[in-house]
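Source file my_file24.csv; content: CSV, C-alpha atoms.
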```
chain,number,residue,atom,x,y,z
A,1,GLU,CA,124.5,124.9,63.2
A,2,SER,CA,126.4,123.5,66.2
A,3,ALA,CA,130.2,123.5,66.2
A,4,LEU,CA,132.0,120.3,65.3
A,5,LEU,CA,135.3,120.2,67.2
A,6,ASP,CA,135.9,116.4,67.4
A,7,LYS,CA,139.7,115.7,67.8
A,8,ALA,CA,140.4,119.4,67.5
A,9,ALA,CA,143.7,120.8,68.9
A,10,LEU,CA,142.8,123.9,70.9
A,11,ILE,CA,145.6,123.8,73.5
A,12,GLY,CA,145.7,127.1,75.4
A,13,ALA,CA,143.0,128.7,73.2
A,14,ARG,CA,141.3,131.8,74.6
A,15,MET,CA,137.6,131.2,74.3
A,16,ALA,CA,136.1,133.0,77.3
A,17,GLN,CA,132.3,133.3,77.0
A,18,ALA,CA,132.2,131.3,73.8
A,19,ASN,CA,129.0,129.7,72.7
A,20,LEU,CA,129.4,125.9,72.4
A,21,THR,CA,125.8,125.0,73.0
A,22,ASP,CA,125.1,121.5,71.5
A,23,ALA,CA,128.7,121.4,70.1
A,24,SER,CA,130.7,118.2,69.7
A,25,ALA,CA,134.2,118.1,71.0
A,26,GLN,CA,134.8,114.4,71.5
A,27,ASP,CA,138.5,113.4,71.9
A,28,ALA,CA,139.5,117.1,71.5
A,29,ASP,CA,142.7,118.4,73.1
A,30,LEU,CA,141.6,121.4,75.2
A,31,ARG,CA,144.5,121.5,77.7
A,32,GLY,CA,144.8,124.9,79.3
A,33,VAL,CA,141.9,126.3,77.3
A,34,ASP,CA,140.2,129.4,78.7
A,35,LEU,CA,136.4,128.8,78.5
A,36,ARG,CA,135.4,131.0,81.5
A,37,GLY,CA,131.7,131.8,81.4
A,38,GLY,CA,131.2,129.7,78.3
A,39,GLN,CA,127.8,128.6,77.1
A,40,CYS,CA,128.3,124.9,77.0
A,41,GLN,CA,124.8,123.5,77.4
A,42,SER,CA,124.6,119.9,76.0
A,43,LEU,CA,128.2,120.0,74.9
A,44,GLN,CA,129.3,116.5,73.9
A,45,ALA,CA,133.0,116.3,74.9
A,46,ILE,CA,133.5,112.6,75.7
A,47,HIS,CA,137.1,111.7,76.3
A,48,ALA,CA,138.3,115.2,75.7
A,49,ASN,CA,141.4,116.5,77.5
A,50,PHE,CA,140.6,119.6,79.7
A,51,GLU,CA,143.8,119.3,81.9
A,52,ARG,CA,144.4,122.6,83.6
A,53,ALA,CA,141.6,124.2,81.6
A,54,ASN,CA,139.7,127.2,83.0
A,55,LEU,CA,135.9,126.8,82.8
A,56,GLU,CA,135.0,128.9,85.8
A,57,GLY,CA,131.4,129.9,85.8
A,58,ALA,CA,130.6,128.0,82.6
A,59,ASP,CA,127.1,126.7,81.9
A,60,LEU,CA,127.5,122.9,81.5
A,61,ARG,CA,123.9,121.8,82.0
A,62,PHE,CA,123.2,118.6,80.2
A,63,ALA,CA,126.9,118.4,79.0
A,64,ASP,CA,128.6,115.0,78.6
A,65,LEU,CA,132.2,115.0,79.8
A,66,THR,CA,132.4,111.2,80.4
A,67,ARG,CA,136.0,109.9,80.5
A,68,CYS,CA,137.5,113.4,80.2
A,69,ASP,CA,140.8,114.4,81.7
A,70,LEU,CA,140.0,117.2,84.2
A,71,ARG,CA,143.2,117.1,86.2
A,72,GLN,CA,143.9,120.5,87.9
A,73,ALA,CA,141.0,122.0,85.8
A,74,ASN,CA,139.1,125.0,87.2
A,75,LEU,CA,135.3,124.4,87.2
A,76,ARG,CA,134.5,126.8,90.0
A,77,GLY,CA,130.9,127.9,90.1
A,78,VAL,CA,129.9,125.9,87.0
A,79,ASP,CA,126.3,124.7,86.6
A,80,ALA,CA,126.7,121.0,85.5
A,81,SER,CA,123.1,120.0,86.5
A,82,ILE,CA,121.9,116.9,84.7
A,83,GLY,CA,125.4,116.5,83.3
A,84,HIS,CA,127.7,113.5,83.0
A,85,LEU,CA,131.2,113.5,84.5
A,86,SER,CA,131.4,109.7,85.0
A,87,LYS,CA,134.8,108.1,84.8
A,88,VAL,CA,136.7,111.4,84.6
A,89,ARG,CA,140.3,111.8,85.8
A,90,GLY,CA,139.9,114.7,88.1
A,91,ASP,CA,142.9,114.8,90.5
A,92,GLY,CA,143.0,118.3,91.9
A,93,LEU,CA,139.9,119.4,90.0
A,94,ASP,CA,138.3,122.5,91.5
A,95,LEU,CA,134.5,122.2,91.6
A,96,SER,CA,134.0,124.6,94.5
A,97,GLY,CA,130.6,126.3,94.5
A,98,ALA,CA,129.4,124.2,91.6
A,99,LYS,CA,125.8,123.3,91.1
A,100,LEU,CA,125.5,119.5,90.5
A,101,ASP,CA,121.8,118.7,90.6
A,102,MET,CA,121.1,115.2,89.3
A,103,THR,CA,124.7,115.1,87.9
A,104,GLN,CA,126.2,111.7,87.3
A,105,ILE,CA,129.8,111.5,88.5
A,106,GLN,CA,130.1,107.7,88.8
A,107,LYS,CA,133.4,105.7,89.0
A,108,ALA,CA,135.4,108.9,88.7
A,109,ARG,CA,138.8,109.7,90.2
A,110,LEU,CA,138.7,112.9,92.2
A,111,ARG,CA,141.6,112.5,94.5
A,112,GLY,CA,142.4,115.8,96.1
A,113,ALA,CA,139.6,117.5,94.3
A,114,ILE,CA,138.0,120.7,95.8
A,115,LEU,CA,134.3,120.8,96.1
A,116,THR,CA,133.9,123.3,98.9
A,117,GLY,CA,130.4,124.8,98.9
A,118,ALA,CA,129.2,122.7,96.0
A,119,GLN,CA,125.5,121.7,96.0
A,120,SER,CA,123.7,118.7,94.6
A,121,ASP,CA,120.1,117.4,94.7
A,122,MET,CA,119.8,113.8,93.7
A,123,GLY,CA,123.3,113.5,92.3
A,124,ASN,CA,125.0,110.2,91.8
A,125,VAL,CA,128.7,109.8,92.7
A,126,SER,CA,128.7,106.1,93.3
A,127,GLY,CA,132.1,104.3,92.9
A,128,THR,CA,134.1,107.5,92.9
A,129,ASP,CA,137.5,107.9,94.6
A,130,PHE,CA,137.4,111.1,96.7
A,131,THR,CA,140.6,110.4,98.6
A,132,GLY,CA,141.9,113.6,100.2
A,133,ALA,CA,139.1,115.7,98.6
A,134,ASP,CA,137.8,118.9,100.2
A,135,LEU,CA,134.0,118.7,100.6
A,136,ARG,CA,133.7,121.3,103.4
A,137,GLU,CA,130.3,123.1,103.5
A,138,VAL,CA,128.8,121.1,100.6
A,139,ASP,CA,125.0,121.0,100.5
A,140,LEU,CA,124.0,117.5,99.4
A,141,HIS,CA,120.4,116.1,99.3
A,142,LYS,CA,119.7,112.5,98.3
A,143,VAL,CA,123.1,112.0,96.8
A,144,ASP,CA,124.2,108.4,96.2
A,145,PHE,CA,127.8,107.6,97.5
A,146,THR,CA,127.5,103.9,97.1
A,147,LYS,CA,131.0,102.2,97.0
A,148,CYS,CA,132.9,105.5,97.2
A,149,CYS,CA,136.3,105.8,98.8
A,150,LEU,CA,136.2,108.7,101.3
A,151,ASP,CA,139.6,108.3,102.9
A,152,GLU,CA,140.9,111.6,104.4
A,153,VAL,CA,137.9,113.5,102.9
A,154,ASP,CA,137.0,116.7,104.8
A,155,PHE,CA,133.2,117.1,105.3
A,156,GLU,CA,133.5,119.9,107.9
A,157,ARG,CA,130.2,121.8,108.2
A,158,ALA,CA,128.8,119.8,105.2
A,159,ARG,CA,125.1,119.1,104.9
A,160,LEU,CA,124.4,115.6,103.9
A,161,ARG,CA,120.7,115.1,104.1
A,162,ILE,CA,119.0,111.8,103.2
A,163,CYS,CA,122.2,110.7,101.4
A,164,LEU,CA,123.1,107.0,100.8
A,165,LEU,CA,126.6,105.8,101.9
A,166,ARG,CA,126.3,102.1,101.1
A,167,ASP,CA,129.5,100.0,101.0
A,168,VAL,CA,131.7,103.1,101.5
A,169,ARG,CA,135.2,103.1,103.0
A,170,ALA,CA,136.3,106.1,105.1
A,171,ARG,CA,139.6,106.3,106.9
A,172,GLN,CA,140.5,109.5,108.7
A,173,ALA,CA,137.6,111.4,107.2
A,174,ARG,CA,136.3,114.5,109.0
A,175,PHE,CA,132.6,115.1,109.6
A,176,VAL,CA,133.2,117.8,112.2
A,177,ARG,CA,130.0,119.9,112.7
A,178,ALA,CA,128.5,118.2,109.6
A,179,THR,CA,124.7,117.7,109.3
A,180,LEU,CA,123.9,114.0,108.6
A,181,THR,CA,120.1,114.1,109.0
A,182,MET,CA,118.5,110.9,107.9
A,183,THR,CA,121.6,109.8,106.0
A,184,SER,CA,122.0,106.0,105.7
A,185,VAL,CA,125.3,104.1,106.1
A,186,THR,CA,124.7,100.5,105.2
A,187,GLY,CA,126.0,97.4,103.5
A,188,GLN,CA,129.8,96.7,103.9
A,189,ALA,CA,130.6,100.2,105.0
A,190,THR,CA,133.7,100.8,107.1
A,191,PHE,CA,134.6,103.9,109.0
A,192,GLU,CA,138.0,104.0,110.7
A,193,ALA,CA,139.6,106.8,112.7
A,194,CYS,CA,136.9,109.3,111.6
A,195,GLN,CA,135.9,112.4,113.4
A,196,PHE,CA,132.2,113.3,113.9
A,197,GLY,CA,132.8,115.9,116.7
A,198,ALA,CA,129.7,118.2,117.2
A,199,ALA,CA,128.0,116.7,114.2
A,200,SER,CA,124.2,116.8,113.9
A,201,GLY,CA,123.1,113.3,113.1
A,202,ARG,CA,119.5,113.2,114.1
A,203,ARG,CA,117.9,110.0,112.7
A,204,VAL,CA,121.2,109.1,110.9
A,205,VAL,CA,121.4,105.3,110.2
A,206,PHE,CA,124.5,103.2,110.7
A,207,TYR,CA,123.0,99.7,110.1
A,208,ASP,CA,125.2,96.6,110.5
A,209,VAL,CA,128.4,98.4,109.6
A,210,THR,CA,131.9,98.6,111.0
A,211,LEU,CA,133.1,101.6,113.0
A,212,ARG,CA,136.6,101.7,114.5
A,213,ASP,CA,138.3,104.4,116.6
A,214,CYS,CA,135.7,107.1,115.6
A,215,ASP,CA,135.0,110.2,117.7
A,216,PHE,CA,131.4,111.3,118.2
A,217,SER,CA,132.1,113.7,121.0
A,218,HIS,CA,129.4,116.3,121.5
A,219,ALA,CA,127.5,115.0,118.5
A,220,ASP,CA,123.7,115.3,118.4
A,221,LEU,CA,122.6,111.8,117.6
A,222,GLN,CA,119.0,111.8,118.9
A,223,GLU,CA,117.0,108.9,117.4
A,224,ALA,CA,120.1,107.7,115.5
A,225,HIS,CA,120.2,104.0,114.6
A,226,PHE,CA,123.4,102.0,115.3
A,227,GLN,CA,121.6,98.7,115.0
A,228,GLY,CA,123.9,95.7,114.6
A,229,ILE,CA,127.1,97.8,114.3
A,230,ARG,CA,130.5,96.4,115.1
A,231,GLY,CA,132.0,99.3,117.1
A,232,ASP,CA,135.5,99.3,118.5
A,233,ASP,CA,137.0,102.2,120.5
A,234,LEU,CA,134.2,104.6,119.8
A,235,ASN,CA,134.0,107.9,121.8
A,236,PHE,CA,130.6,109.3,122.6
A,237,PHE,CA,131.7,111.8,125.1
A,238,ALA,CA,128.9,114.3,125.9
A,239,ALA,CA,127.0,113.1,122.9
A,240,SER,CA,123.2,113.3,122.8
A,241,LEU,CA,121.9,109.8,122.2
A,242,LYS,CA,118.3,110.2,123.3
A,243,GLN,CA,116.1,107.5,121.9
A,244,ALA,CA,119.1,106.1,119.9
A,245,GLU,CA,119.0,102.5,118.8
A,246,PHE,CA,121.9,100.2,119.6
A,247,ARG,CA,119.9,96.9,119.3
A,248,LYS,CA,122.2,93.9,118.6
A,249,ALA,CA,125.3,96.2,118.5
A,250,ARG,CA,128.6,94.8,119.4
A,251,LEU,CA,130.6,97.4,121.2
A,252,THR,CA,134.2,97.0,122.4
A,253,ARG,CA,136.0,99.6,124.5
A,254,CYS,CA,133.4,102.3,123.7
A,255,ARG,CA,133.1,105.3,125.9
A,256,PHE,CA,129.9,107.1,126.9
A,257,VAL,CA,131.2,109.5,129.5
A,258,SER,CA,128.7,112.3,130.1
A,259,ALA,CA,126.5,111.1,127.2
A,260,ASP,CA,122.8,111.5,127.3
A,261,LEU,CA,121.4,108.0,127.0
A,262,ASN,CA,117.8,108.7,128.0
A,263,LYS,CA,115.4,106.1,126.3
A,264,THR,CA,118.3,104.6,124.4
A,265,ASN,CA,117.6,101.0,123.3
A,266,MET,CA,120.5,98.6,123.9
A,267,SER,CA,118.5,95.4,123.9
A,268,GLU,CA,120.5,92.4,122.8
A,269,ALA,CA,123.6,94.6,122.5
A,270,ARG,CA,127.0,93.3,123.6
A,271,VAL,CA,129.1,95.8,125.4
A,272,VAL,CA,132.7,94.8,126.3
A,273,ASP,CA,135.3,96.9,128.0
```

Could I get this structure in the form of structure tokens?
Amino acid sequence: ESALLDKAALIGARMAQANLTDASAQDADLRGVDLRGGQCQSLQAIHANFERANLEGADLRFADLTRCDLRQANLRGVDASIGHLSKVRGDGLDLSGAKLDMTQIQKARLRGAILTGAQSDMGNVSGTDFTGADLREVDLHKVDFTKCCLDEVDFERARLRICLLRDVRARQARFVRATLTMTSVTGQATFEACQFGAASGRRVVFYDVTLRDCDFSHADLQEAHFQGIRGDDLNFFAASLKQAEFRKARLTRCRFVSADLNKTNMSEARVVD
């Protein structure tokens, strides 16, 4: 029979490698608990408090941690595939190396969280605040970032393939050497003072969005779409823009020094120095 731990007080408990498969721990107080390597498949822990808990390497597949307190918790290397972490409080949460396939992390607060090397296929992080988070070297495929806050997020060497960045806000975010193949930036998205230096963005789409003071130096943007963008103070120094699309773009004080513009389409674009 599955464990029933609803509203249990387990502060600082040592439970490494415990079997909590199908257990219920709703509203439980698990602050500082040691659950390293735990078997927590299908754990129901809605609104539980895991502040500073250690769940490194735990199996959290199908687990429901909706509305949990995960501040400063250690979830390095967990497998939370097909799990639910929506509306969590996760400032400083460590999810580095985590597997998050089809995981729901919607409307969460992950300020300063560490997701270095995490991977996700078809995950949903829409509405989440990632301010100051570390997403270096993440491997994300078809992940939905709709309405996320990406201010000061570090995506260096990240792989964002066919991801959706609709209505996002990004100020001083870093996409240096990131792969953005076929990723779409649409809606009311705004990118300000962001770095895309040496990024690989073949067939990336920036459609009718706002880009201000962004640096695309040495980026590979072949067949990229910048149709209808409002671009101010953009730097495309030595960028490859072969067959890129700037139709109806409004570009002010943008620099294309040493850029490759072969077969670039700028029909109906407005370029103002």

At most 7 Å is the cut-off: for each residue in region 121-201 of chain A with any atom that close to an atom of region 205-218 of chain A, write down the nearest atom pair and the distance in Å rounded to one decimal, counting all atoms listed in the file, chain first then increasing number, as CSV.
```
residue,atom,partner,partner_atom,distance
A:Met182,CA,A:Val205,CA,6.7
A:Thr183,CA,A:Val205,CA,6.2
A:Ser184,CA,A:Val205,CA,4.6
A:Val185,CA,A:Phe206,CA,4.8
A:Thr186,CA,A:Tyr207,CA,5.2
A:Gly187,CA,A:Val209,CA,6.6
A:Gln188,CA,A:Val209,CA,6.1
A:Ala189,CA,A:Val209,CA,5.4
A:Thr190,CA,A:Thr210,CA,4.8
A:Phe191,CA,A:Leu211,CA,4.9
A:Glu192,CA,A:Arg212,CA,4.7
A:Ala193,CA,A:Asp213,CA,4.8
A:Cys194,CA,A:Cys214,CA,4.7
A:Gln195,CA,A:Asp215,CA,4.9
A:Phe196,CA,A:Phe216,CA,4.8
A:Gly197,CA,A:Ser217,CA,4.9
A:Ala198,CA,A:His218,CA,4.7
```

How would the residues just chosen look if you wrote them out with C-alpha atoms as a PDB file, in the coordinates of the input?
```pdb
ATOM      1  CA  MET A 182     118.500 110.900 107.900  1.00  0.00           C
ATOM      2  CA  THR A 183     121.600 109.800 106.000  1.00  0.00           C
ATOM      3  CA  SER A 184     122.000 106.000 105.700  1.00  0.00           C
ATOM      4  CA  VAL A 185     125.300 104.100 106.100  1.00  0.00           C
ATOM      5  CA  THR A 186     124.700 100.500 105.200  1.00  0.00           C
ATOM      6  CA  GLY A 187     126.000  97.400 103.500  1.00  0.00           C
ATOM      7  CA  GLN A 188     129.800  96.700 103.900  1.00  0.00           C
ATOM      8  CA  ALA A 189     130.600 100.200 105.000  1.00  0.00           C
ATOM      9  CA  THR A 190     133.700 100.800 107.100  1.00  0.00           C
ATOM     10  CA  PHE A 191     134.600 103.900 109.000  1.00  0.00           C
ATOM     11  CA  GLU A 192     138.000 104.000 110.700  1.00  0.00           C
ATOM     12  CA  ALA A 193     139.600 106.800 112.700  1.00  0.00           C
ATOM     13  CA  CYS A 194     136.900 109.300 111.600  1.00  0.00           C
ATOM     14  CA  GLN A 195     135.900 112.400 113.400  1.00  0.00           C
ATOM     15  CA  PHE A 196     132.200 113.300 113.900  1.00  0.00           C
ATOM     16  CA  GLY A 197     132.800 115.900 116.700  1.00  0.00           C
ATOM     17  CA  ALA A 198     129.700 118.200 117.200  1.00  0.00           C
TER      18      ALA A 198
END
```

### Task
Mind checking which residues fall within 7 Å of Ala45 (chain A), counting all atoms listed in the file, ignoring those fewer than 4 positions away in the same chain, and posting them as a PyMOL selection string?
chain A and resi 24-27+64-65

Please write the residues from the selection above to a file, keeping C-alpha atoms, as a PDB file, in the frame of the given file.
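This went into result.pdb:
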```
ATOM      1  CA  SER A  24     130.700 118.200  69.700  1.00  0.00           C
ATOM      2  CA  ALA A  25     134.200 118.100  71.000  1.00  0.00           C
ATOM      3  CA  GLN A  26     134.800 114.400  71.500  1.00  0.00           C
ATOM      4  CA  ASP A  27     138.500 113.400  71.900  1.00  0.00           C
ATOM      5  CA  ASP A  64     128.600 115.000  78.600  1.00  0.00           C
ATOM      6  CA  LEU A  65     132.200 115.000  79.800  1.00  0.00           C
TER       7      LEU A  65
END
```

### Message
Taking (123.3, 116.8, 88.0) in the coordinates of the supplied file, I want to know which residues reach to within 7 Å of it, counting only C-alpha atoms; could you give the answer as a PyMOL selection string?
### Response
chain A and resi 80-83+100-104+120+123

Contacts of region 254-263 of chain A at 10 Å (only C-alpha atoms; same-chain gap of 3+ positions) as a PDB file with C-alpha atoms, in the coordinates of the input:
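Just written: around37.pdb:
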```pdb
ATOM      1  CA  ARG A 212     136.600 101.700 114.500  1.00  0.00           C
ATOM      2  CA  ASP A 213     138.300 104.400 116.600  1.00  0.00           C
ATOM      3  CA  CYS A 214     135.700 107.100 115.600  1.00  0.00           C
ATOM      4  CA  ASP A 215     135.000 110.200 117.700  1.00  0.00           C
ATOM      5  CA  PHE A 216     131.400 111.300 118.200  1.00  0.00           C
ATOM      6  CA  SER A 217     132.100 113.700 121.000  1.00  0.00           C
ATOM      7  CA  HIS A 218     129.400 116.300 121.500  1.00  0.00           C
ATOM      8  CA  ALA A 219     127.500 115.000 118.500  1.00  0.00           C
ATOM      9  CA  ASP A 220     123.700 115.300 118.400  1.00  0.00           C
ATOM     10  CA  LEU A 221     122.600 111.800 117.600  1.00  0.00           C
ATOM     11  CA  GLN A 222     119.000 111.800 118.900  1.00  0.00           C
ATOM     12  CA  GLU A 223     117.000 108.900 117.400  1.00  0.00           C
ATOM     13  CA  GLY A 231     132.000  99.300 117.100  1.00  0.00           C
ATOM     14  CA  ASP A 232     135.500  99.300 118.500  1.00  0.00           C
ATOM     15  CA  ASP A 233     137.000 102.200 120.500  1.00  0.00           C
ATOM     16  CA  LEU A 234     134.200 104.600 119.800  1.00  0.00           C
ATOM     17  CA  ASN A 235     134.000 107.900 121.800  1.00  0.00           C
ATOM     18  CA  PHE A 236     130.600 109.300 122.600  1.00  0.00           C
ATOM     19  CA  PHE A 237     131.700 111.800 125.100  1.00  0.00           C
ATOM     20  CA  ALA A 238     128.900 114.300 125.900  1.00  0.00           C
ATOM     21  CA  ALA A 239     127.000 113.100 122.900  1.00  0.00           C
ATOM     22  CA  SER A 240     123.200 113.300 122.800  1.00  0.00           C
ATOM     23  CA  LEU A 241     121.900 109.800 122.200  1.00  0.00           C
ATOM     24  CA  LYS A 242     118.300 110.200 123.300  1.00  0.00           C
ATOM     25  CA  GLN A 243     116.100 107.500 121.900  1.00  0.00           C
ATOM     26  CA  ALA A 244     119.100 106.100 119.900  1.00  0.00           C
ATOM     27  CA  GLU A 245     119.000 102.500 118.800  1.00  0.00           C
ATOM     28  CA  ARG A 250     128.600  94.800 119.400  1.00  0.00           C
ATOM     29  CA  LEU A 251     130.600  97.400 121.200  1.00  0.00           C
ATOM     30  CA  MET A 266     120.500  98.600 123.900  1.00  0.00           C
ATOM     31  CA  VAL A 271     129.100  95.800 125.400  1.00  0.00           C
ATOM     32  CA  VAL A 272     132.700  94.800 126.300  1.00  0.00           C
ATOM     33  CA  ASP A 273     135.300  96.900 128.000  1.00  0.00           C
TER      34      ASP A 273
END
```

### Task
May I have the residues within 8 Å of Gly117 (chain A) as a ChimeraX atom specification, using all atoms listed in the file and disregarding those fewer than 6 positions away in the same chain?
/A:96-98,135-139

### Task
With a distance cut-off of 6 Å and all atoms listed in the file, select the neighbouring residues of Ala178 (chain A), excluding the residue or stretch itself and same-chain residues fewer than 4 positions from it, and output the selection as number ranges by chain.
A: 156-159, 199

### Query
Suppose you want the space between CA of Ser2 (chain A) and CA of Phe50 (chain A); what is it in Å?
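According to the coordinates, CA of Ser2 (chain A) and CA of Phe50 (chain A) are separated by 20.0 Å.
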
### Message
To one decimal place in Å, what is the distance between CA of Leu95 (chain A) and CA of Arg76 (chain A)?
### Response
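Separating CA of Leu95 (chain A) from CA of Arg76 (chain A) is a distance of 4.9 Å.
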
Is there a way to complete region 199-224 of chain A with N, CA and C atoms and then write that out as a PDB file, keeping the file's coordinate frame?
```
ATOM      1  N   ALA A 199     128.865 116.860 115.357  1.00  0.00           N
ATOM      2  CA  ALA A 199     128.000 116.700 114.200  1.00  0.00           C
ATOM      3  C   ALA A 199     126.552 116.611 114.592  1.00  0.00           C
ATOM      4  N   SER A 200     125.669 116.956 113.658  1.00  0.00           N
ATOM      5  CA  SER A 200     124.200 116.800 113.900  1.00  0.00           C
ATOM      6  C   SER A 200     123.739 115.654 113.064  1.00  0.00           C
ATOM      7  N   GLY A 201     123.443 114.566 113.769  1.00  0.00           N
ATOM      8  CA  GLY A 201     123.100 113.300 113.100  1.00  0.00           C
ATOM      9  C   GLY A 201     121.740 112.779 113.534  1.00  0.00           C
ATOM     10  N   ARG A 202     120.776 113.656 113.691  1.00  0.00           N
ATOM     11  CA  ARG A 202     119.500 113.200 114.100  1.00  0.00           C
ATOM     12  C   ARG A 202     118.909 112.192 113.080  1.00  0.00           C
ATOM     13  N   ARG A 203     118.531 111.007 113.550  1.00  0.00           N
ATOM     14  CA  ARG A 203     117.900 110.000 112.700  1.00  0.00           C
ATOM     15  C   ARG A 203     118.878 109.445 111.634  1.00  0.00           C
ATOM     16  N   VAL A 204     120.182 109.665 111.834  1.00  0.00           N
ATOM     17  CA  VAL A 204     121.200 109.100 110.900  1.00  0.00           C
ATOM     18  C   VAL A 204     121.132 107.546 111.174  1.00  0.00           C
ATOM     19  N   VAL A 205     121.439 106.770 110.146  1.00  0.00           N
ATOM     20  CA  VAL A 205     121.400 105.300 110.200  1.00  0.00           C
ATOM     21  C   VAL A 205     122.760 104.717 109.948  1.00  0.00           C
ATOM     22  N   PHE A 206     123.335 104.011 110.932  1.00  0.00           N
ATOM     23  CA  PHE A 206     124.500 103.200 110.700  1.00  0.00           C
ATOM     24  C   PHE A 206     124.026 101.745 110.959  1.00  0.00           C
ATOM     25  N   TYR A 207     123.691 101.035 109.907  1.00  0.00           N
ATOM     26  CA  TYR A 207     123.000  99.700 110.100  1.00  0.00           C
ATOM     27  C   TYR A 207     124.001  98.594 109.700  1.00  0.00           C
ATOM     28  N   ASP A 208     124.367  97.787 110.729  1.00  0.00           N
ATOM     29  CA  ASP A 208     125.200  96.600 110.500  1.00  0.00           C
ATOM     30  C   ASP A 208     126.473  96.882 109.791  1.00  0.00           C
ATOM     31  N   VAL A 209     127.134  97.983 110.189  1.00  0.00           N
ATOM     32  CA  VAL A 209     128.400  98.400 109.600  1.00  0.00           C
ATOM     33  C   VAL A 209     129.512  98.366 110.593  1.00  0.00           C
ATOM     34  N   THR A 210     130.734  98.635 110.153  1.00  0.00           N
ATOM     35  CA  THR A 210     131.900  98.600 111.000  1.00  0.00           C
ATOM     36  C   THR A 210     132.401 100.009 111.316  1.00  0.00           C
ATOM     37  N   LEU A 211     132.528 100.346 112.609  1.00  0.00           N
ATOM     38  CA  LEU A 211     133.100 101.600 113.000  1.00  0.00           C
ATOM     39  C   LEU A 211     134.223 101.376 113.989  1.00  0.00           C
ATOM     40  N   ARG A 212     135.398 101.906 113.659  1.00  0.00           N
ATOM     41  CA  ARG A 212     136.600 101.700 114.500  1.00  0.00           C
ATOM     42  C   ARG A 212     137.230 103.028 114.846  1.00  0.00           C
ATOM     43  N   ASP A 213     137.509 103.225 116.115  1.00  0.00           N
ATOM     44  CA  ASP A 213     138.300 104.400 116.600  1.00  0.00           C
ATOM     45  C   ASP A 213     137.707 105.702 116.050  1.00  0.00           C
ATOM     46  N   CYS A 214     136.385 105.836 116.104  1.00  0.00           N
ATOM     47  CA  CYS A 214     135.700 107.100 115.600  1.00  0.00           C
ATOM     48  C   CYS A 214     135.302 107.919 116.837  1.00  0.00           C
ATOM     49  N   ASP A 215     135.341 109.221 116.647  1.00  0.00           N
ATOM     50  CA  ASP A 215     135.000 110.200 117.700  1.00  0.00           C
ATOM     51  C   ASP A 215     133.722 110.884 117.430  1.00  0.00           C
ATOM     52  N   PHE A 216     132.715 110.643 118.302  1.00  0.00           N
ATOM     53  CA  PHE A 216     131.400 111.300 118.200  1.00  0.00           C
ATOM     54  C   PHE A 216     131.186 112.284 119.324  1.00  0.00           C
ATOM     55  N   SER A 217     132.240 112.835 119.873  1.00  0.00           N
ATOM     56  CA  SER A 217     132.100 113.700 121.000  1.00  0.00           C
ATOM     57  C   SER A 217     131.209 114.923 120.708  1.00  0.00           C
ATOM     58  N   HIS A 218     130.288 115.193 121.633  1.00  0.00           N
ATOM     59  CA  HIS A 218     129.400 116.300 121.500  1.00  0.00           C
ATOM     60  C   HIS A 218     128.438 116.287 120.330  1.00  0.00           C
ATOM     61  N   ALA A 219     128.343 115.152 119.684  1.00  0.00           N
ATOM     62  CA  ALA A 219     127.500 115.000 118.500  1.00  0.00           C
ATOM     63  C   ALA A 219     125.992 114.932 118.974  1.00  0.00           C
ATOM     64  N   ASP A 220     125.099 115.459 118.163  1.00  0.00           N
ATOM     65  CA  ASP A 220     123.700 115.300 118.400  1.00  0.00           C
ATOM     66  C   ASP A 220     123.175 114.127 117.602  1.00  0.00           C
ATOM     67  N   LEU A 221     122.966 113.017 118.275  1.00  0.00           N
ATOM     68  CA  LEU A 221     122.600 111.800 117.600  1.00  0.00           C
ATOM     69  C   LEU A 221     121.252 111.265 118.122  1.00  0.00           C
ATOM     70  N   GLN A 222     120.354 112.191 118.397  1.00  0.00           N
ATOM     71  CA  GLN A 222     119.000 111.800 118.900  1.00  0.00           C
ATOM     72  C   GLN A 222     118.322 110.957 117.807  1.00  0.00           C
ATOM     73  N   GLU A 223     117.744 109.862 118.235  1.00  0.00           N
ATOM     74  CA  GLU A 223     117.000 108.900 117.400  1.00  0.00           C
ATOM     75  C   GLU A 223     117.881 108.325 116.279  1.00  0.00           C
ATOM     76  N   ALA A 224     119.194 108.347 116.485  1.00  0.00           N
ATOM     77  CA  ALA A 224     120.100 107.700 115.500  1.00  0.00           C
ATOM     78  C   ALA A 224     120.003 106.188 115.657  1.00  0.00           C
TER      79      ALA A 224
END
```
